[in-house]
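File shown: target.cif (mmCIF, C-alpha atoms).
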```
data_start
loop_
_atom_site.label_atom_id
_atom_site.label_comp_id
_atom_site.auth_asym_id
_atom_site.auth_seq_id
_atom_site.Cartn_x
_atom_site.Cartn_y
_atom_site.Cartn_z
CA MET A 153 -19.79 -31.16 25.97
CA SER A 154 -17.38 -31.12 23.04
CA LEU A 155 -16.55 -28.01 21.03
CA GLY A 156 -16.02 -27.88 17.28
CA TYR A 157 -15.17 -24.94 15.07
CA ASP A 158 -15.58 -24.25 11.36
CA ASP A 159 -13.01 -22.08 9.59
CA SER A 160 -13.67 -23.35 6.08
CA LEU A 161 -15.09 -20.15 4.57
CA TYR A 162 -11.74 -19.10 3.12
CA SER A 163 -9.69 -21.18 0.70
CA GLY A 164 -6.14 -21.27 -0.60
CA PRO A 165 -3.00 -20.51 1.43
CA ALA A 166 -3.57 -19.01 4.86
CA ARG A 167 -0.08 -17.56 5.11
CA HIS A 168 0.53 -14.32 3.22
CA PRO A 169 3.35 -14.55 0.64
CA ILE A 170 5.34 -12.11 2.81
CA GLY A 171 5.74 -15.01 5.25
CA LEU A 172 5.81 -14.90 9.03
CA ASN A 173 5.47 -11.20 9.69
CA PRO A 174 4.24 -8.98 12.56
CA ASN A 175 2.18 -6.91 10.12
CA VAL A 176 -0.38 -9.61 9.26
CA ALA A 177 -1.63 -12.84 10.81
CA PRO A 178 -2.36 -16.06 8.92
CA LEU A 179 -5.67 -15.50 7.16
CA SER A 180 -8.59 -17.33 8.70
CA ALA A 181 -12.36 -16.90 8.69
CA LEU A 182 -12.24 -17.51 12.46
CA THR A 183 -9.91 -15.13 14.26
CA ALA A 184 -9.91 -13.27 17.57
CA ASP A 185 -8.04 -10.00 18.06
CA GLU A 186 -6.38 -10.40 14.63
CA GLY A 187 -4.27 -13.19 16.07
CA ARG A 188 -2.34 -10.67 18.18
CA LEU A 189 -0.45 -12.20 21.11
CA ASN A 190 -0.47 -8.99 23.13
CA ASP A 191 -3.01 -6.33 24.02
CA SER A 192 -2.23 -4.08 21.04
CA LEU A 193 -5.00 -2.81 18.78
CA SER A 194 -2.93 -1.72 15.80
CA GLY A 195 0.56 -1.80 14.36
CA PRO A 196 3.05 -4.69 14.23
CA ALA A 197 2.72 -7.44 16.83
CA ASP A 198 3.66 -11.08 17.31
CA ARG A 199 0.87 -13.20 15.83
CA SER A 200 -0.67 -16.59 16.41
CA GLU A 201 0.34 -19.24 13.88
CA TYR A 202 -3.08 -20.92 14.22
CA PRO A 203 -5.70 -18.18 14.74
CA SER A 204 -8.78 -20.39 14.34
CA GLY A 205 -7.61 -23.00 16.86
CA ASP A 206 -6.53 -20.35 19.35
CA THR A 207 -9.90 -18.61 18.96
CA ALA A 208 -11.76 -21.84 19.66
CA ARG A 209 -9.64 -22.50 22.74
CA ALA A 210 -10.30 -18.97 23.99
CA PHE A 211 -14.03 -19.60 23.54
CA ALA A 212 -13.72 -22.86 25.47
CA ASP A 213 -12.11 -20.94 28.33
CA LEU A 214 -14.99 -18.45 28.31
CA LEU A 215 -17.48 -21.31 28.49
CA ALA A 216 -15.58 -22.83 31.42
CA ASP A 217 -15.65 -19.47 33.23
CA ARG A 218 -19.45 -19.67 32.96
CA GLY A 219 -19.68 -23.20 34.30
CA ILE A 220 -19.89 -25.02 30.97
CA LYS A 221 -17.27 -27.75 30.84
CA VAL A 222 -15.71 -28.58 27.48
CA THR A 223 -14.37 -32.11 27.16
CA GLY A 224 -11.25 -32.51 25.09
CA ALA A 225 -9.57 -29.97 22.86
CA PRO A 226 -11.67 -28.04 20.32
CA ALA A 227 -11.52 -29.67 16.90
CA LYS A 228 -12.47 -28.68 13.37
CA ALA A 229 -16.05 -29.68 12.58
CA ARG A 230 -19.10 -28.75 10.51
CA ALA A 231 -22.47 -27.99 12.04
CA ALA A 232 -25.23 -30.45 11.19
CA ALA A 233 -27.62 -29.33 8.44
CA ASP A 234 -30.49 -29.10 10.92
CA ALA A 235 -28.49 -27.37 13.68
CA GLU A 236 -30.18 -24.36 15.25
CA PRO A 237 -28.19 -21.23 16.20
CA LEU A 238 -28.01 -20.54 19.91
CA ALA A 239 -26.78 -16.98 19.46
CA THR A 240 -25.71 -14.57 16.75
CA THR A 241 -23.72 -11.37 16.68
CA LEU A 242 -23.28 -8.69 14.06
CA SER A 243 -20.05 -6.92 13.20
CA THR A 244 -19.42 -3.22 12.99
CA PRO A 245 -21.12 -1.94 9.80
CA LEU A 246 -18.96 -2.31 6.70
CA GLY A 247 -18.28 1.42 6.50
CA GLY A 248 -16.85 1.37 10.03
CA LEU A 249 -14.55 -1.54 9.16
CA VAL A 250 -13.29 0.31 6.08
CA GLU A 251 -12.63 3.43 8.15
CA ARG A 252 -10.69 1.54 10.82
CA MET A 253 -8.71 -0.32 8.17
CA LEU A 254 -7.65 2.93 6.49
CA THR A 255 -7.00 4.97 9.64
CA ASN A 256 -4.75 2.36 11.24
CA SER A 257 -3.42 0.83 8.00
CA ASP A 258 -4.82 -2.46 9.27
CA ASN A 259 -3.59 -5.25 7.00
CA ASP A 260 -5.72 -7.94 8.66
CA ILE A 261 -8.97 -6.08 8.07
CA ALA A 262 -7.86 -5.29 4.50
CA GLU A 263 -7.28 -8.98 3.75
CA ALA A 264 -10.60 -9.98 5.34
CA LEU A 265 -12.53 -7.33 3.38
CA ALA A 266 -10.89 -8.47 0.14
CA ARG A 267 -11.91 -12.08 0.80
CA GLN A 268 -15.44 -11.12 1.73
CA SER A 269 -15.63 -9.11 -1.50
CA ALA A 270 -14.50 -12.20 -3.38
CA LEU A 271 -17.15 -14.39 -1.76
CA ALA A 272 -19.86 -11.79 -2.39
CA SER A 273 -18.98 -11.73 -6.09
CA GLY A 274 -18.92 -15.50 -6.49
CA GLN A 275 -15.14 -15.86 -6.37
CA PRO A 276 -13.25 -18.19 -3.99
CA GLY A 277 -12.27 -16.64 -0.67
CA SER A 278 -8.57 -16.77 -1.55
CA PHE A 279 -5.77 -14.41 -2.57
CA GLU A 280 -6.55 -15.08 -6.23
CA GLY A 281 -10.30 -14.67 -5.78
CA ALA A 282 -9.80 -11.44 -3.84
CA GLY A 283 -7.58 -10.01 -6.57
CA LYS A 284 -10.15 -10.76 -9.25
CA ALA A 285 -12.95 -9.26 -7.15
CA VAL A 286 -11.02 -6.03 -6.51
CA ALA A 287 -10.15 -5.62 -10.20
CA ALA A 288 -13.74 -6.29 -11.27
CA THR A 289 -15.16 -3.84 -8.72
CA LEU A 290 -12.82 -1.04 -9.79
CA ALA A 291 -13.66 -1.68 -13.44
CA SER A 292 -17.37 -1.54 -12.63
CA LEU A 293 -16.81 1.93 -11.15
CA GLY A 294 -15.31 3.07 -14.43
CA ILE A 295 -11.75 3.22 -13.10
CA ASP A 296 -9.00 2.35 -15.58
CA THR A 297 -7.06 -0.65 -14.25
CA THR A 298 -4.70 -0.99 -17.22
CA GLY A 299 -1.37 -2.30 -15.96
CA ALA A 300 -2.68 -2.82 -12.42
CA ARG A 301 -2.33 -6.10 -10.53
CA PHE A 302 -3.99 -7.06 -7.25
CA ALA A 303 -2.31 -10.01 -5.56
CA ASP A 304 -3.74 -9.45 -2.07
CA GLY A 305 -5.93 -7.06 -0.08
CA SER A 306 -3.30 -5.38 2.08
CA GLY A 307 -0.72 -4.34 -0.50
CA LEU A 308 2.05 -6.26 1.27
CA ASP A 309 2.62 -8.45 -1.80
CA ARG A 310 5.38 -6.98 -3.96
CA SER A 311 3.68 -8.19 -7.12
CA ASP A 312 0.86 -5.68 -6.55
CA LYS A 313 0.90 -2.83 -9.08
CA VAL A 314 -1.13 0.39 -8.99
CA SER A 315 -0.62 3.79 -10.55
CA ALA A 316 -1.04 7.30 -9.17
CA GLY A 317 -3.80 7.75 -11.75
CA LEU A 318 -5.74 4.76 -10.45
CA LEU A 319 -5.50 5.95 -6.85
CA THR A 320 -6.59 9.51 -7.60
CA ALA A 321 -9.44 8.25 -9.79
CA LEU A 322 -10.68 6.10 -6.91
CA LEU A 323 -10.49 9.03 -4.49
CA ALA A 324 -12.43 11.22 -6.91
CA LYS A 325 -15.05 8.50 -7.32
CA ALA A 326 -15.40 8.22 -3.53
CA ALA A 327 -16.15 11.97 -3.43
CA ASP A 328 -18.91 11.65 -6.02
CA PRO A 329 -22.24 12.64 -4.41
CA GLN A 330 -23.85 9.90 -6.50
CA ARG A 331 -21.70 7.27 -4.73
CA PRO A 332 -22.48 7.70 -1.01
CA GLU A 333 -21.60 4.05 -0.35
CA LEU A 334 -17.96 4.91 -1.11
CA ARG A 335 -17.75 7.79 1.37
CA PRO A 336 -15.96 5.71 4.07
CA VAL A 337 -13.00 5.58 1.67
CA LEU A 338 -12.58 9.31 2.37
CA THR A 339 -13.76 9.54 5.98
CA GLY A 340 -11.44 6.72 7.02
CA LEU A 341 -8.28 8.41 5.75
CA PRO A 342 -5.98 9.51 8.59
CA VAL A 343 -5.76 13.25 9.22
CA ALA A 344 -2.29 14.81 9.11
CA GLY A 345 -1.01 15.66 12.58
CA PHE A 346 -4.12 14.24 14.22
CA ASN A 347 -4.77 10.48 14.07
CA GLY A 348 -3.84 7.06 12.78
CA THR A 349 -0.73 6.61 10.66
CA LEU A 350 -0.50 10.39 10.07
CA ARG A 351 -0.64 11.39 13.74
CA SER A 352 3.02 12.48 13.79
CA ARG A 353 3.31 13.52 10.13
CA ASN A 354 2.73 17.06 8.79
CA SER A 355 1.89 18.12 12.33
CA GLY A 356 2.38 21.35 14.22
CA GLY A 357 2.78 24.39 11.98
CA SER A 358 2.67 22.49 8.69
CA PRO A 359 0.14 23.92 6.22
CA ALA A 360 -1.11 20.37 5.80
CA ALA A 361 -1.92 19.80 9.48
CA GLY A 362 -5.58 19.02 9.90
CA LEU A 363 -6.23 19.49 6.19
CA VAL A 364 -4.55 16.53 4.48
CA ARG A 365 -6.27 13.17 4.77
CA ALA A 366 -4.20 10.36 3.26
CA LYS A 367 -3.40 6.67 3.27
CA THR A 368 0.22 5.69 3.72
CA GLY A 369 1.95 2.85 1.92
CA THR A 370 5.20 1.39 3.17
CA LEU A 371 7.38 -1.53 2.08
CA SER A 372 11.17 -1.78 2.12
CA GLY A 373 12.26 0.65 -0.59
CA VAL A 374 8.70 1.63 -1.48
CA ASN A 375 6.71 4.53 -0.02
CA ALA A 376 3.41 6.12 -1.00
CA LEU A 377 0.92 8.71 0.14
CA ALA A 378 -2.50 9.14 -1.46
CA GLY A 379 -5.44 11.18 -0.25
CA THR A 380 -7.30 14.47 -0.34
CA VAL A 381 -6.81 18.04 0.81
CA VAL A 382 -8.90 21.20 0.82
CA ASP A 383 -6.86 24.01 -0.74
CA PRO A 384 -7.02 27.69 0.39
CA SER A 385 -9.81 28.42 -2.09
CA GLY A 386 -11.97 25.59 -0.70
CA ARG A 387 -11.44 23.08 -3.51
CA LEU A 388 -11.19 19.40 -2.61
CA LEU A 389 -8.12 18.01 -4.37
CA ALA A 390 -7.04 14.38 -4.74
CA PHE A 391 -3.38 13.41 -4.96
CA ALA A 392 -1.17 10.32 -5.03
CA PHE A 393 2.61 10.21 -4.68
CA LEU A 394 4.52 6.95 -5.22
CA ALA A 395 8.24 6.48 -4.61
CA ALA A 396 10.38 3.42 -5.40
CA ASN A 397 13.94 2.42 -4.52
CA THR A 398 13.93 4.69 -1.50
CA PRO A 399 16.94 4.31 0.85
CA GLY A 400 14.74 4.29 3.95
CA PRO A 401 11.29 5.26 5.18
CA GLU A 402 12.22 8.35 7.20
CA GLY A 403 13.57 10.46 4.34
CA ALA A 404 10.93 9.20 1.91
CA GLU A 405 8.09 10.03 4.28
CA LYS A 406 9.41 13.55 4.86
CA ALA A 407 9.61 14.11 1.11
CA LEU A 408 6.06 12.81 0.56
CA ASP A 409 4.79 14.99 3.40
CA LYS A 410 6.39 18.06 1.79
CA LEU A 411 4.61 17.25 -1.47
CA ALA A 412 1.28 16.91 0.34
CA ALA A 413 1.89 20.21 2.16
CA ALA A 414 2.64 21.88 -1.17
CA VAL A 415 -0.70 20.65 -2.54
CA ALA A 416 -2.42 22.00 0.58
CA GLY A 417 -0.98 25.42 -0.19
CA THR A 418 -1.91 25.39 -3.89
CA ARG A 419 -3.96 28.33 -5.10
#
```
When written as structure tokens, how does the structure in this file appear?
Amino acid sequence: MSLGYDDSLYSGPARHPIGLNPNVAPLSALTADEGRLNDSLSGPADRSEYPSGDTARAFADLLADRGIKVTGAPAKARAAADAEPLATTLSTPLGGLVERMLTNSDNDIAEALARQSALASGQPGSFEGAGKAVAATLASLGIDTTGARFADGSGLDRSDKVSAGLLTALLAKAADPQRPELRPVLTGLPVAGFNGTLRSRNSGGSPAAGLVRAKTGTLSGVNALAGTVVDPSGRLLAFAFLAANTPGPEGAEKALDKLAAAVAGTR
């Protein structure tokens, strides 16, 4: 038998503007293990340059292991209009994907979710379509996007622009009891000193340990921390700290963690 694969759901450039980078694979609607070339589940890793083709070849190997011989190399193809599915599988529910994306700062999931949002709203599954979909969704929630720009889903594009006000407004909206569908935005945030990208930050005896939940943001010279914390009186507070032109991530992260700890101790 021959094997064909269809990766045509997305459009536009597959390579992120950041270029070849261990933090994100080329964007494809057909990808296995986020294009990672090792056994890692998160963080930077060498990536496949052709995720869809490598995924199809991996599937061909699985078929061969089960006694189904594939003739020739897998090639791009479209299923016939009257083709019948032999099997289907469902992903983790959307809320679970959002939580994993936030906890691990997973750029690949972020880009995929942005493209799926674009397709669901009638936009092309491209960087441009994703940016328009994100902006429209935030506006529909009543969040002021004045001055904001969304060039991708992961935030790796340096032409992205968001404000501390936008981030805190989104966090507050996610805490609204009338918006339960947004709750994964809060439950997916890493917990200081406990898991994800905050596992080693504000840990130990810090007043923020176990109380601060926040998403990190890191580019060369740019660092951010936005999330929530329960203060000593039991209030849920939202915060966002953005820093530009930082000399390096270590000092910037320590400073942001001190700010978050100060919020945790606010009375």
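For the choices A:Pro237, A:Gly317, A:Gly373, A:Gly247, the atom-to-atom distance to Phe391 (chain A) is smallest for A:Gly317 when using only C-alpha atoms.
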Running the PyMOL selection byres ((chain A and resi 297-313) around 6) on this model by hand, what would come out? Give it as a list of chain:residue names.
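Written out, the selection comes to A:Asn259, A:Ala262, A:Glu263, A:Ala266, A:Phe279, A:Gly283, A:Asp296, A:Val314.
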Could you check which of A:Ser192, A:Ser278, A:Asn175, A:Thr183 is closest to Ala208 (chain A), using all atoms listed in the file?
A:Thr183
Axis-aligned box for all listed atoms of region 401-410 of chain A, 3 Å per side, centre and edges in Å to one decimal, as lines of an AutoDock Vina configuration file:
```
center_x = 9.2
center_y = 11.7
center_z = 3.9
size_x = 14.8
size_y = 18.8
size_z = 12.6
```
When the PyMOL selection byres ((chain A and resi 351-358) around 10) is applied to the structure above, which residues does it catch, written out as a VMD selection string?
chain A and resid 255 342 to 350 359 to 364 405 to 406 408 to 410 412 to 414 416
Nearest to Pro276 (chain A) among A:Ala404, A:Leu189, A:Ala197, A:Leu161, with distances taken over all atoms listed in the file: which residue is it?
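Among the listed residues, A:Leu161 lies closest to Pro276 (chain A).
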To test your reading of the syntax: which residues would the PyMOL selection byres ((chain A and resi 163-172) around 6) return for the file shown? Reply as a PyMOL selection string.
chain A and resi 162+173+178-179+277-278
Dump as an mmCIF file, keeping the file's coordinate frame, selection limited to C-alpha atoms:
```
data_model
loop_
_atom_site.group_PDB
_atom_site.id
_atom_site.type_symbol
_atom_site.label_atom_id
_atom_site.label_comp_id
_atom_site.auth_asym_id
_atom_site.auth_seq_id
_atom_site.Cartn_x
_atom_site.Cartn_y
_atom_site.Cartn_z
ATOM 1 C CA TYR A 162 -11.740 -19.100 3.120
ATOM 2 C CA ASN A 173 5.470 -11.200 9.690
ATOM 3 C CA PRO A 178 -2.360 -16.060 8.920
ATOM 4 C CA LEU A 179 -5.670 -15.500 7.160
ATOM 5 C CA GLY A 277 -12.270 -16.640 -0.670
ATOM 6 C CA SER A 278 -8.570 -16.770 -1.550
#
```
For Ser194 (chain A), work out the shell of residues within 12 Å, counting only C-alpha atoms and skipping chain neighbours fewer than 6 positions away, then give it as JSON, numbers by chain.
{"A": [174, 175, 176, 185, 186, 187, 188, 252, 253, 254, 255, 256, 257, 258, 259, 260, 261, 348, 349]}
Just give me the gap between CA of Glu280 (chain A) and CA of Leu334 (chain A) in Å, one decimal is fine.
23.6 Å
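Across the structure, CA of Arg331 (chain A) and CA of Asn375 (chain A) are spaced 28.9 Å apart.
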Counting all atoms listed in the file, which residue out of A:Ala264, A:Ala272, A:Ala235, A:Ala212 sits closest to Met153 (chain A)?
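Closest candidate: A:Ala212.
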So how far away is CA of Pro384 (chain A) from CA of Ala407 (chain A), in Å?
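So the answer is 21.5 Å.
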With all atoms listed in the file as the atoms that count, which of A:Ala324, A:Ala229, A:Tyr202, A:Ala177 lies nearest to Asp158 (chain A)?
A:Ala229
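Shortest separation to Val381 (chain A) among A:Thr207, A:Ser200, A:Thr320, A:Asn190 occurs at residue A:Thr320, atoms counted being all atoms listed in the file.
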Near Ser372 (chain A), within 9 Å and counting all atoms listed in the file, which residues show up once chain neighbours fewer than 5 positions away are dropped, as a list in words?
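Final neighbour list, sorted by chain and number: Asn397, Thr398, Pro399, Gly400 and Pro401 of chain A.
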Identify the residues around (-1.1, 14.3, -11.3) within a radius of 12 Å, measuring from all atoms listed in the file in the coordinates stated by the file, and give them as a PyMOL selection string.
chain A and resi 315-321+378+389-394+411+415
